[in-house]
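Just below is one structure, and these are the notes that go with it.
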Amino acid sequence: MLLFRLLPFLLSLGLCMATAPSSASIYLGIDVLEATGFRQIEGKRVGLLTHPAGVNREGVSSIDVLRRSPRVNLVALFGPEHGIYGNEKANVPITNRVDKRTGLPVFSLYGKYRKPTPDMLAQIDVLVIDLQDIGVRSYTYVSSMQYALEACIEQGKEIVVLDRPNPLGGNKVDGPMLDPEWRSYVGAFPVPYVHGLTIGELARMAQQENGILNLTPEQRRAAKLTVIPMRGWSRDMLWPDTGLDWVATSPAIPNLSAVLGYPMTGLGTQIGGFTHGYGTAYPFRLLQFPGKSPEEIATALNARRITGLEFRVLQFSERGQPRRGVYVVVTDWDRLRPTELSFHMMQLAATWSGSNPFAATTDNARDLYNKHVGSTAWWNAISTHGAQVDLPFFLERWERDARVFQQRSRQWWIY
């Protein structure tokens with residue numbers, strides 16, 4: 001049964017699955033908002049922070065759901081990284097503009113400003129946030145939400161967060177915690193790398209937990225935050241269990257295979273030489289390393305007996321040219337520690353590079369990596385000891401820390 005419901009995650013070939021008619025078993029936050037007559041926003045000037053994956057259970061854009069209702073006065077749109085249509089490149093600033101389709105102003109929160117300004121918020125009474133996260137700390141949509149929460153609370157504006165599933169489920173928590181010194185836009189929340197929370201639960205955490213929002217305790221208590229929960233979602237659901245079609249959340253995450261691959265390989269390819277298939281049909285799932293054949297890579301990784309994973313040589317064609325790599329296959333989701341693979345990749349990179357690539361990196365590359373991984377201790381160990389780093393020590397430590405966090409995070413759970 002588990003293998004069947006995880007098929008979109010586990011398929012080793014043919015990952016770009018055909019879109020089937022929606023058989024959604026849940027109601028998303030936008031569906032619940034509509035079903036209750038939009039009472040939380042009726043009669044108010046509404047701003048909407050969203051992107052292409054902000055759709056209802058039938059796949060209709062939340063922009064259109066709000067626009068078509070006579071009870072909603074949608075006056076402005078706000079766009080995160082990649083923009084409201086998801087067609088902007090990563091790490092590229094986006095300017096404010098007027099949306100040609102709706103005629104509404106679009107305020108970019110990934111350009112000159114990442115935090116809504118008082119002038120932007122002066123045009124609205126309530127900001128509705130409908131963003132699809134992927135359950136990984138370094139994905140920037142939760143950061144965009146966090147900055148928007150802070151600005152709205154400062155300006156006395158209402159916030160309505162429309163909740164959405166964590167595609168990795170609500171029970172999987174894994175990887176290093178975020179050291180305070182590495183807090184950034186790719187590490188806004190003090191959570192494990194795979195955090196097991198929905199975006200609505202993260203919003204509750206931001207309001208209630210000290211130090212996440214740059215606000216006084218009085219401001220946090222006075223916050224006008226409403227989270228619209230889903231109906232029918234439970235923590236043991238992975239995305240395939242919801243019956244919802246996946247809508248690409250960014251150019252690098254076009255399908256469910258990439259969702260799962262992101263926490264598995266992203267940290268292991270920033271420095272050291274490994275690549276993870278970005279730009280191919282298998283983003284975050286296809287491993288290559290300079291000077292090593294796919295057979296050598298697969299043999300080395302399989303020899304490490306990483307629980308829940310197998311590595312298979314994959315031959316494919318791209319732009320008419322034959323290519324080969326190593327595909328990461330998940331065999332046991334329940335036992336898998338998603339981030340573990342990346343640290344094995346770094347250890348192998350130190351073995352295969354002839355010298356320790358992590359000791360020789362620039363300060364900027366080191367700091368960018370640490371903003372993602374969040375662990376100063378890991379960086380100090382791998383950059384000092386290279387292939388001899390005591391990886392089991394870190395894996396066990398992170399697993400203990402993740403269990404402690406998961407227990408503490410129950411205070412923010414909605415489901």
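Residue names in the structure tokens use chain letters A, B, ... in the order shown, residue numbers from 1 in each chain, and ligand numbers from 1 in the order shown.
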Next item on the list: Pick out the residues sitting within 7 Å of region 81-90 of chain A, and hand them over as a VMD selection string; count only C-alpha atoms, and ignore anything fewer than 5 positions along from it in its own chain.
Entry: chain A and resid 50 to 52 110 250
Taking a cut-off of 12 Å and counting only C-alpha atoms, can you build a table that, for each residue of region 124-242 of chain A near region 264-273 of chain A, reports the nearest atom pair and how far apart they are in Å (one decimal), sorted by chain then residue number, as a tab-separated table?
```
residue	atom	partner	partner_atom	distance
A:Val136	CA	A:Met264	CA	10.4
A:Arg137	CA	A:Leu267	CA	11.6
A:Ser138	CA	A:Gly266	CA	9.8
A:Tyr139	CA	A:Gly266	CA	10.9
A:Asp174	CA	A:Met264	CA	10.5
A:Gly175	CA	A:Met264	CA	10.1
A:Pro176	CA	A:Leu267	CA	11.3
A:Tyr193	CA	A:Leu267	CA	10.0
A:Val194	CA	A:Met264	CA	9.9
```
Margin query: Using only C-alpha atoms, which protein or nucleic acid residues come within 10 Å of Phe405 (chain A)? Drop anything in the same chain fewer than 5 positions from it, and give the result as a PyMOL selection string.
Written below: chain A and resi 173-174+177+190-192+195+399-400+410
Notebook entry, point to check: Skipping near chain neighbours, those fewer than 5 positions away, what residues fall within 12 Å of Leu215 (chain A) using only C-alpha atoms, listed as number ranges by chain?
Noted result: A: 146-147, 149-155, 206-210, 220-223
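Using only C-alpha atoms, the smallest distance between any of A:Leu33, A:Leu109, A:Val389, A:Leu74 and Tyr185 (chain A) comes from A:Leu109.
With distances restricted to only C-alpha atoms, A:Trp233 is the closest residue to Ile414 (chain A) from A:Trp182, A:Phe343, A:Trp233, A:Tyr141.
Each of A:Ala377, A:Val259, A:Leu301, A:Leu244 was checked against Glu340 (chain A) using only C-alpha atoms; the smallest atom-to-atom distance is that of A:Leu301.
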Margin query: What does the structure give for the distance between CA of Arg323 (chain A) and CA of Thr280 (chain A), in Å to one decimal?
Written below: 10.0 Å
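Across the structure, CA of Phe78 (chain A) and CA of Pro105 (chain A) are spaced 8.3 Å apart.
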Next item on the list: Tell me which protein, DNA and RNA residues are within 8 Å of Gln288 (chain A), counting only C-alpha atoms, leaving out same-chain ones fewer than 6 positions away, and put them as a PyMOL selection string.
Entry: chain A and resi 274-277+294+297+325-326
Serialized selection, N, CA and C atoms, as a compact mmCIF listing (two decimals), in the first residue's frame:
```
# COMPACT_ATOMS: atom_id res chain seq x y z
N PHE A 274 29.55 17.37 -6.85
CA PHE A 274 28.36 16.63 -7.27
C PHE A 274 27.36 17.56 -7.94
N THR A 275 26.63 17.05 -8.93
CA THR A 275 25.48 17.74 -9.49
C THR A 275 24.26 16.85 -9.29
N HIS A 276 23.05 17.46 -9.31
CA HIS A 276 21.84 16.72 -8.97
C HIS A 276 20.78 16.73 -10.06
N GLY A 277 21.17 17.04 -11.28
CA GLY A 277 20.23 16.91 -12.39
C GLY A 277 19.40 18.13 -12.69
N PRO A 294 28.88 6.69 -13.89
CA PRO A 294 27.68 6.38 -13.12
C PRO A 294 27.82 5.07 -12.34
N ILE A 297 29.80 5.78 -9.19
CA ILE A 297 29.01 6.55 -8.22
C ILE A 297 27.98 5.65 -7.56
N GLY A 325 23.53 8.94 -15.80
CA GLY A 325 23.73 9.42 -14.45
C GLY A 325 23.24 8.38 -13.47
N VAL A 326 23.18 8.76 -12.21
CA VAL A 326 22.72 7.84 -11.16
C VAL A 326 21.42 8.38 -10.59
```
